[in-house]
Amino acid sequence: MYAKCGSLDDARQVFAEMRERNLFAWSAMINGCSREHRWEEVIDLFAEMMWEGVILDKLLFPKILQACANTGDLKTGMLLHSLAVRGGFLNSPVEAQVGNAILAMYAKCGIFGAAKKFFRKMAVKDLVSWNSIISAHCQCGEHEQAFRLFERMKDEGIEPSVVTWNILISSYNHLGHTDEAMQLMKQMESSGVVPDVFTWTCLISGFVQNNRINEALDLFIDMQNAGVEPNEMTIACVISACASLKCLRKGRELHSYAIKRDSATSVLVGNALVDMYAKCGSLDNAERVFDAIRGKDVFTWNTMIGGYAQFGSCGKAYELFCKMEDSGVQRNVITWNVMISGYIQNKAEDQAMELFHRMEREGIRSNTASWNALIAGTLGNGNLDKALNIFRQMQSVSVKPNSVTILSILPACANLVSGWKVKEIHASLLHSGLDSDLAISNCLIDTYSKSGDLGSALMVFNGISSRDLISCNSMISGCIMHGCPQLAQNLFNKIKKEGIKPNHAILARIIDAYAISGMVNEGKEFYSRMFEEYELSLTMEHYAAIVHLYGRSGRLREAAEIIEKMPMEPDSTVWHALLTAARVHGNIKLASLAAEHLIKIYPRSYRIRRLLLHIQALSGRTSEGLKALKPIPEINNVDHSYGSCCLVVKHNVYTFLTGAKPKNSLELSEEEEEVTGAHSEQLAIVFTLKNVPSFQKIRIIKSIRMCAACHSAAKLISRSHRNEILLKDPGCLHRFKDENYYLRLLKFRYHQHENELCLEAVTMYLTSVTCIYNLNLFILKTLTAQTN
């Protein structure tokens with residue numbers, strides 16, 4: 001009586017005082033705990049029952065096996081399996097319930113091999129058995145096999161129930177295959193099985209999770225039109241969809257609907273409403289819902305605190321943070337992380353760090369997300385060195401970084417002066433086992449390329465077992481950036497052989513490769529057959545690449561014709577390509593045309609205005625469009641210096657500036673800038689030569705384009721001093737090496753058996769030497785070995 005009325009403590013007291021307990025007493029106590037989902041107590045009672053020598057019957061077996069499944073107690077589950085075999089509970093069709101419970105136990109404990117083996121040996125397989133084994137295959141990712149079992153089940157005369165269909169639909173949604181899940185529901189309806197509230201909710205949730213928000217909202221309307229009443233989970237899912245879209249109007253409509261259903265103050269729906277209002281910036285409404293929720297849980301508090309913190313109300317967030325403890329709801333690590341993230345996003349780094357240390361003092365162990373909040377926030381505030389120090393501290397206290405950590409910090413190192421930092425992060429990846437993550441490998445390729453280390457980027461690329469389009473695009477883009485078009489084309493041919501279909505971005509990069517190689521006709525032919533061979537239409541990126549292809553070779557008339565015939569309005573990338581080509585080849589008319597279009601796109605760009613003024617001064621005319629533009633106010637504190645360079649020497653960052661800040665006029669010519677002295681990159685190179693050995697690379701980042709004179713000077717210095725110079729300006733990466741460097745690199749890689757890198761070095765050497773007969777015997781020997 002006590003157990004069935006839910007008074008388990010009273011039932012337990014009576015049970016403990018019984019001098020003699022038979023099977024009925026044990027069953028009453030075990031069933032009472034099962035109803036309350038007190039699974040660990042069920043297993044403890046079973047152990048006591050066995051100790052007293054009371055033998056199980058077929059009705060108790062499923063209850064205890066269910067407890068084993070829900071607690072993951074495989075050892076006890078296997079003991080029960082053994083007892084069922086000995087007791088003969090698996091030999092008769094009547095005992096199918098016991099067999100189904102054993103099957104479900106193995107599946108939920110993750111022992112899928114045992115579950116499959118047991119299913120094959122089952123004497124009787126009913127609907128529950130099939131549902132369990134299909135669910136087991138879905139859990140272990142064998143979705144195609146699950147669908148085949150589903151078809152086999154129908155062939156054996158057992159009609160799938162709504163539960164069977166829901167298992168498959170849920171599985172496909174979990175994989176992100178929402179269209180297949182939708183198709184399954186249509187098949188379900190055509191077979192005469194009516195979708196229930198779980199079916200609809202599962203579909204809506206799947207569309208929300210896969211960022212198909214509008215379709216999720218349409219499904220909610222379809223569900224109501226089908227006469228299926230949504231439950232609280234459905235309403236919460238749809239409100240979450242409005243939160244993702246930041247659609248306040250629709251969210252308010254759903255709030256009204258929830259009030260009519262008397263579910264607006266429930267924890268599940270209330271939490272979704274607080275989250276929706278907070279993300280839409282309606283904090284007053286979020287607070288009203290928060291106050292009305294019955295029995296607030298930790299998620300309710302965290303959502304409201306996060307809402308305040310996100311919109312800069314850190315004071316209110318902290319006030320609620322303090323009240324939370326007094327309300328009887330324990331703050332968890334997420335609560336602290338929300339506060340830390342809020343402070344650091346609002347540039348209150350000191351308060352964030354203080355809160356971080358206080359969390360540790362109060363016995364809440366920081367997790368990876370805590371450190372990620374600090375690292376991402378510090379990077380967002382523009383402090384790479386401080387973020388790297390936090391990353392090192394994270395590792396020193398044995399907190400393993402995850403993919404979010406690495407994908408936050410790596411892009412911040414994608415520049416020439418951070419090359420050694422990329423190596424450091426890569427080393428930590430190898431230590432933590434994250435190097436096999438495809439997203440991280442792709443990010444490493446991009447970061448290594450941008451930090452001037454193409455060899456390491458290629459090494460990471462070759463180490464990826466299953467490359468995707470991002471891997472290929474990052475590697476090919478890196479080759480183009482480093483001026484290795486032949487290597488880019490070789491990689492392109494390689495990925496085609498591997499069966500990877502190139503996308504728009506990769507094809508645009510290959511056109512760039514033809515442009516750098518000066519192979520205009522070949523590039524034109526490639527672009528012509530691109531439509532048929534790859535079934536892709538031209539995008540803005542392709543047009544910019546084609547303009548670059550013609551323009552780089554001086555075929556400016558054809559480049560201009562391409563722009564005239566474009567079916568869409570050219571964007572800044574197209575005009576930039578034409579402007580660069582026109583400036584290099586001295587075509588004032590086209591350079592002026594391109595600059596005028598750019599000034600329309602970026603009317604407040606100081607540099608484009610200055611460039612246009614200079615071009616028009618050379619042509620002897622002034623643009624009416626430029627006259628009509630409003631002057632940029634002086635109060636914007638823009639640094640109008642002609643150029644700046646930064647570089648690293650012995651882990652110290654140095655910056656060199658040249659040029660002067662204009663006082664009252666935008667009319668500043670290059671002649672006036674030259675009065676200030678040498679360009680900043682020349683100062684940077686001279687300074688570095690005095691402070692670094694000849695074998696060390698000189699890495700420089702320049703704020704504006706490098707001029708032809710500085711380019712020639714850098715090439716001359718590299719040859720005479722044997723230093724490799726890497727200089728990144730807004731246009732491209734310039735790489736200067738003396739010819740003998742490639743020969744030394746080739747010898748090193750040949751002896752290290754780095755075959756692919758060795759071939760790359762041969763290519764670079766051959767393109768760098770002025771006379772082909774300078775190729776010595778060692779090169780010939782290497783080429784022969786590589787060919788064989």
# chains A, B, ... in the order shown; residues from 1 in each chain; ligands from 1

call {"tool": "select_by_dssp", "arguments": {"residues": "range 24-235 of chain A", "states": "helix (DSSP H, G or I)", "output": "PyMOL selection string"}}
result
chain A and resi 24-35+39-51+60-71+74-87+93-108+112-121+127-139+143-155+162-175+178-190+197-209+213-225+232-235

call {"tool": "residues_around", "arguments": {"residues": "Gly77 in chain A", "least_positions_apart": "6", "cutoff": "12 Å", "atoms": "only C-alpha atoms", "output": "MDAnalysis selection string"}}
result
chainID A and resid 43 46 61:71 83:84 98 101:109 111 114

call {"tool": "write_last_selection", "arguments": {"atoms": "C-alpha atoms", "output": "short mmCIF file (atom, residue, chain, number, x, y, z; two decimals), in the first residue's frame"}}
result
data_model
loop_
_atom_site.label_atom_id
_atom_site.label_comp_id
_atom_site.auth_asym_id
_atom_site.auth_seq_id
_atom_site.Cartn_x
_atom_site.Cartn_y
_atom_site.Cartn_z
CA ILE A 43 19.71 -3.13 -7.97
CA PHE A 46 18.01 -7.40 -5.94
CA PHE A 61 13.29 -10.03 -14.28
CA PRO A 62 12.26 -7.14 -16.64
CA LYS A 63 12.17 -4.62 -13.75
CA ILE A 64 15.69 -5.38 -12.56
CA LEU A 65 17.04 -5.60 -16.12
CA GLN A 66 15.52 -2.17 -16.80
CA ALA A 67 17.38 -0.83 -13.76
CA CYS A 68 20.63 -2.32 -15.10
CA ALA A 69 20.01 -0.68 -18.49
CA ASN A 70 19.31 2.75 -16.97
CA THR A 71 22.34 2.70 -14.65
CA LEU A 83 19.88 -16.71 -14.29
CA ALA A 84 17.25 -16.41 -17.05
CA VAL A 98 12.31 -11.40 -20.32
CA ALA A 101 14.44 -6.87 -21.42
CA ILE A 102 17.85 -8.62 -21.84
CA LEU A 103 18.11 -7.34 -25.41
CA ALA A 104 17.28 -3.76 -24.33
CA MET A 105 19.80 -4.01 -21.46
CA TYR A 106 22.69 -4.92 -23.78
CA ALA A 107 21.70 -2.19 -26.25
CA LYS A 108 21.44 0.58 -23.61
CA CYS A 109 24.73 -0.50 -22.02
CA ILE A 111 27.28 -3.75 -25.88
CA ALA A 114 26.05 -8.95 -27.60
#

call {"tool": "residues_around", "arguments": {"residues": "Tyr602 in chain A", "least_positions_apart": "2", "cutoff": "12 Å", "atoms": "only C-alpha atoms", "output": "PDB file with C-alpha atoms, in the first residue's frame"}}
result
ATOM      1  CA  ASP A 571      31.730  43.897 -56.437  1.00  0.00           C
ATOM      2  CA  SER A 572      34.907  45.256 -54.816  1.00  0.00           C
ATOM      3  CA  TRP A 575      37.279  46.260 -59.294  1.00  0.00           C
ATOM      4  CA  HIS A 576      40.325  45.648 -57.075  1.00  0.00           C
ATOM      5  CA  ALA A 595      38.998  53.483 -58.280  1.00  0.00           C
ATOM      6  CA  GLU A 596      35.816  55.484 -58.957  1.00  0.00           C
ATOM      7  CA  HIS A 597      33.696  52.335 -58.599  1.00  0.00           C
ATOM      8  CA  LEU A 598      35.542  51.370 -55.421  1.00  0.00           C
ATOM      9  CA  ILE A 599      34.910  54.789 -53.877  1.00  0.00           C
ATOM     10  CA  LYS A 600      31.178  54.269 -54.501  1.00  0.00           C
ATOM     11  CA  ARG A 604      34.627  56.534 -46.307  1.00  0.00           C
ATOM     12  CA  SER A 605      37.836  54.770 -47.306  1.00  0.00           C
ATOM     13  CA  TYR A 606      40.686  57.234 -46.869  1.00  0.00           C
ATOM     14  CA  ARG A 607      43.192  55.134 -48.852  1.00  0.00           C
ATOM     15  CA  ILE A 608      40.953  54.747 -51.906  1.00  0.00           C
ATOM     16  CA  ARG A 609      40.263  58.490 -51.906  1.00  0.00           C
ATOM     17  CA  LEU A 626      34.932  62.486 -55.769  1.00  0.00           C
ATOM     18  CA  LEU A 629      31.784  63.093 -51.503  1.00  0.00           C
TER      19      LEU A 629
END

call {"tool": "residues_around", "arguments": {"residues": "Gln183 in chain A", "least_positions_apart": "6", "cutoff": "12 Å", "atoms": "only C-alpha atoms", "output": "short mmCIF file (atom, residue, chain, number, x, y, z; two decimals) with N, CA and C atoms, in the first residue's frame"}}
result
data_model
loop_
_atom_site.label_atom_id
_atom_site.label_comp_id
_atom_site.auth_asym_id
_atom_site.auth_seq_id
_atom_site.Cartn_x
_atom_site.Cartn_y
_atom_site.Cartn_z
N TRP A 165 8.54 3.61 -36.19
CA TRP A 165 8.76 4.74 -37.11
C TRP A 165 9.49 5.88 -36.40
N LEU A 168 13.29 5.42 -36.08
CA LEU A 168 14.02 5.73 -37.32
C LEU A 168 14.05 7.23 -37.61
N ILE A 169 12.92 7.88 -37.43
CA ILE A 169 12.84 9.33 -37.70
C ILE A 169 13.79 10.08 -36.77
N TYR A 172 17.46 9.55 -37.96
CA TYR A 172 17.84 10.34 -39.13
C TYR A 172 17.99 11.82 -38.78
N ASN A 173 17.12 12.31 -37.91
CA ASN A 173 17.24 13.70 -37.47
C ASN A 173 18.54 13.94 -36.71
N HIS A 177 19.98 14.35 -41.21
CA HIS A 177 19.31 14.00 -42.47
C HIS A 177 17.82 14.30 -42.34
N GLU A 189 2.70 7.73 -42.89
CA GLU A 189 1.29 8.08 -43.10
C GLU A 189 0.67 7.22 -44.19
N SER A 190 1.44 6.98 -45.28
CA SER A 190 0.89 6.18 -46.38
C SER A 190 0.68 4.72 -45.99
N LEU A 203 10.60 15.82 -35.50
CA LEU A 203 10.89 16.48 -36.77
C LEU A 203 11.18 17.97 -36.57
#

call {"tool": "residues_around", "arguments": {"residues": "range 342-350 of chain A", "least_positions_apart": "4", "cutoff": "8 Å", "atoms": "only C-alpha atoms", "output": "ChimeraX atom specification"}}
result
/A:306,309-310,312,314,338,354,373-374,377-378,380-381

call {"tool": "residues_around", "arguments": {"residues": "range 364-369 of chain A", "least_positions_apart": "3", "cutoff": "8 Å", "atoms": "only C-alpha atoms", "output": "list of chain:residue names"}}
result
A:Asn332, A:Val333, A:Asn337, A:Phe356, A:Met359, A:Glu360, A:Arg361, A:Asn372, A:Ala373, A:Val399, A:Lys400, A:Pro401, A:Asn402

call {"tool": "write_last_selection", "arguments": {"atoms": "N, CA and C atoms", "output": "mmCIF file, in the first residue's frame"}}
result
data_model
loop_
_atom_site.group_PDB
_atom_site.id
_atom_site.type_symbol
_atom_site.label_atom_id
_atom_site.label_comp_id
_atom_site.auth_asym_id
_atom_site.auth_seq_id
_atom_site.Cartn_x
_atom_site.Cartn_y
_atom_site.Cartn_z
ATOM 1 N N ASN A 332 26.134 26.062 -10.821
ATOM 2 C CA ASN A 332 27.028 25.052 -11.397
ATOM 3 C C ASN A 332 28.112 25.745 -12.228
ATOM 4 N N VAL A 333 28.964 24.971 -12.849
ATOM 5 C CA VAL A 333 30.081 25.541 -13.594
ATOM 6 C C VAL A 333 29.594 26.395 -14.768
ATOM 7 N N ASN A 337 30.637 30.148 -15.787
ATOM 8 C CA ASN A 337 31.140 30.414 -17.143
ATOM 9 C C ASN A 337 30.380 31.545 -17.831
ATOM 10 N N PHE A 356 36.954 33.945 -12.092
ATOM 11 C CA PHE A 356 37.503 32.639 -12.460
ATOM 12 C C PHE A 356 38.250 32.009 -11.269
ATOM 13 N N MET A 359 35.829 31.049 -8.408
ATOM 14 C CA MET A 359 35.123 29.798 -8.677
ATOM 15 C C MET A 359 35.919 28.614 -8.139
ATOM 16 N N GLU A 360 37.232 28.616 -8.381
ATOM 17 C CA GLU A 360 38.101 27.539 -7.888
ATOM 18 C C GLU A 360 38.111 27.512 -6.357
ATOM 19 N N ARG A 361 38.151 28.713 -5.743
ATOM 20 C CA ARG A 361 38.186 28.783 -4.279
ATOM 21 C C ARG A 361 36.910 28.246 -3.658
ATOM 22 N N ASN A 372 37.917 28.280 -22.329
ATOM 23 C CA ASN A 372 37.573 28.756 -23.678
ATOM 24 C C ASN A 372 36.975 30.163 -23.634
ATOM 25 N N ALA A 373 36.141 30.420 -22.606
ATOM 26 C CA ALA A 373 35.536 31.749 -22.469
ATOM 27 C C ALA A 373 36.611 32.809 -22.276
ATOM 28 N N VAL A 399 44.103 20.687 -17.907
ATOM 29 C CA VAL A 399 42.788 20.784 -18.547
ATOM 30 C C VAL A 399 43.000 20.663 -20.043
ATOM 31 N N LYS A 400 42.425 19.635 -20.631
ATOM 32 C CA LYS A 400 42.669 19.377 -22.055
ATOM 33 C C LYS A 400 41.870 20.345 -22.927
ATOM 34 N N PRO A 401 42.527 20.976 -23.897
ATOM 35 C CA PRO A 401 41.780 21.821 -24.839
ATOM 36 C C PRO A 401 40.902 20.959 -25.730
ATOM 37 N N ASN A 402 39.802 21.523 -26.192
ATOM 38 C CA ASN A 402 38.970 20.814 -27.164
ATOM 39 C C ASN A 402 39.030 21.548 -28.499
#

call {"tool": "closest_residue", "arguments": {"among": "A:Phe119, A:Glu541, A:Glu525, A:Arg261", "to": "His504 in chain A", "atoms": "only C-alpha atoms"}}
result
A:Glu541
